[in-house]
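Working notes, beginning with the structure itself.
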Amino acid sequence: MPRSPAVRTVPLSSALLTVVGGQLVAAPRDAPERVRRKRPASANPYLRLLATPGARAFTAGNLIARLPMGMLGVSAIIMIAGSRGSYALAGAVTATGLAATAVVAPFTARLVDRYGQARIAVPATALAVLGSLALVLCVRYDAPAWTLFVAYAATATTPNTGGMSRARWAHLHRGDPAALHTANSFEQSADELCFMLGPVLAATLCGALFPEAGTLVGAFLLMTGVLIFAAQRATEPPPTPRNRTAVSPLRTPGMPALLAVFLATGAVFGALEVVSIAHAGGAILALQAAGSGAAGLLYGSLRPARNVHRRLLLCLAAMTALMSLPLLATASTASLPVLALCLLLAGAATAPTMVTGMTLIQRATPAGQLNEGMTLSVTALLGGVAAGAATGGWLVEHAGTVSGYAAPMGAAALALAVAAAGTSLRRPGVSGGSAR
């Protein structure tokens with residue numbers, strides 16, 4: 001019987017090369033010191049969320065792009081009113097832009113779903129920025145009033161950057177309800193932060209520099225943020241070409257009832273804003289936004305109840321109860337510190353309500369139409385804001401600010417009633433096992 005060939009080993013830094021039966025075989029070294037231990041995961045859910053590969057980059061770009069949401073409207077009002085001496089004209093121009101956004105935004109979101117975020121968001125943002133620059137030029141050179149309406153309406157192509165960010169989280173953490181809950185809470189708190197800081201920054205720029213400064217800086221931040229956000233292609237959800245059988249998210253079971261809830265919830269915000277400004281000035285609204293943002297972050301760190309519909313009803317009931325506090329405060333005392341505390345507490349239920357509602361919107365929307373579905377919810381919210389502002393303004397003018405605070409409480413109660421009635425319209429995929 002022939003003897004086996006000799007076995008020779010050649011040690012290397014990372015492997016052993018061994019000749020067996022005339023073949024060269026690479027074997028791993030046995031030294032245990034080369035094995036690295038995995039770092040334990042952070043106990044903070046937000047740190048775990050931002051540890052997702054690519055998350056910090058697209059979040060940074062998105063926050064830069066979202067800050068102008070709270071800047072551009074206020075900047076336009078200051079700029080137009082200061083130049084033309086008419087708050088009525090300034091309000092009409094911004095209202096026209098809001099109406100145009102409600103019409104255009106769902107179509108922009110549909111294109112984003114169909115062709116991808118980067119391909120649509122960048123040119124859409126460029127058109128919106130050109131509209132803002134045109135508005136500045138029209139105001140600066142005293143163009144006819146109708147040109148202000150046309151220029152500001154062109155900003156309606158601004159993409160829903162918050163919706164695109166939520167769509168990325170839903171793509172990255174699909175099948176992980178806990179992570180999506182934290183992501184939705186984070187995004188809602190980011191919205192509150194932008195709406196709290198944006199008006200302050202706009203007013204400061206317009207007052208300290210020149211009336212057009214707020215619009216110019218807002219347009220620059222919007223374009224810069226969207227470019228940074230769109231450049232993060234690794235986390236972008238894949239586009240979903242529309243086929244002939246695809247239907248609008250509006251026609252999915254349960255979606256109309258959810259949008260009606262968002263409409264009524266928007267009326268809460270619009271009425272509260274107008275009445276509070278009339279009663280104590282705009283600065284006091286920052287407390288409501290601060291309370292909402294803090295509650296949103298806390299809500300995202302907790303493990304929520306698995307039944308999302310029941311959770312929405314509880315959040316709406318809490319919001320209805322807390323929205324009664326400003327009414328009670330103004331009816332019983334004229335103290336602004338007491339009203340400020342009540343507004344801070346009233347904001348504590350708004351972010352959890354929005355987070356839970358957005359979770360249901362995501363579950364009710366087909367996977368390839370997330371941007372469109374979430375933009376429809378924002379459109380409903382904006383419509384509610386406009387209706388609530390009109391109702392609150394009418395009450396302030398005809399019944400006073402104390403009675404005006406009944407409007408946000410009534411709108412919250414309406415949202416609760418709509419949500420309770422809409423539970424019978426839930427589709428099977430949203431209720432039962434998947435929603436619990």
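Naming scheme: A, B, ... for chains in displayed order of the structure tokens; residues 1 onward per chain; ligands 1 onward as shown.
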Residues near Ala290 of chain A, anyone? I mean within 8 Å using only C-alpha atoms, not counting same-chain ones fewer than 6 positions away, as a list of chain:residue names.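 The neighbour list is A:Glu192, A:Leu193, A:Met196, A:Leu344, A:Gly347.
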Which residues are near segment 123-126 of chain A? Cut-off 8 Å, only C-alpha atoms, ignore same chain within fewer than 6 positions. Put them as a list in words.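 Residues near the query, excluding close chain neighbours: Thr108, Thr157, Thr158, Pro159, Leu222, Met223 and Val226 of chain A.
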From the list A:Thr350, A:Thr401, A:Ser276, A:Thr94, the nearest residue to Ala294 of chain A using only C-alpha atoms is A:Thr350
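Between atom CA of Leu381 of chain A and atom CA of Val418 of chain A the separation is 14.5 Å.
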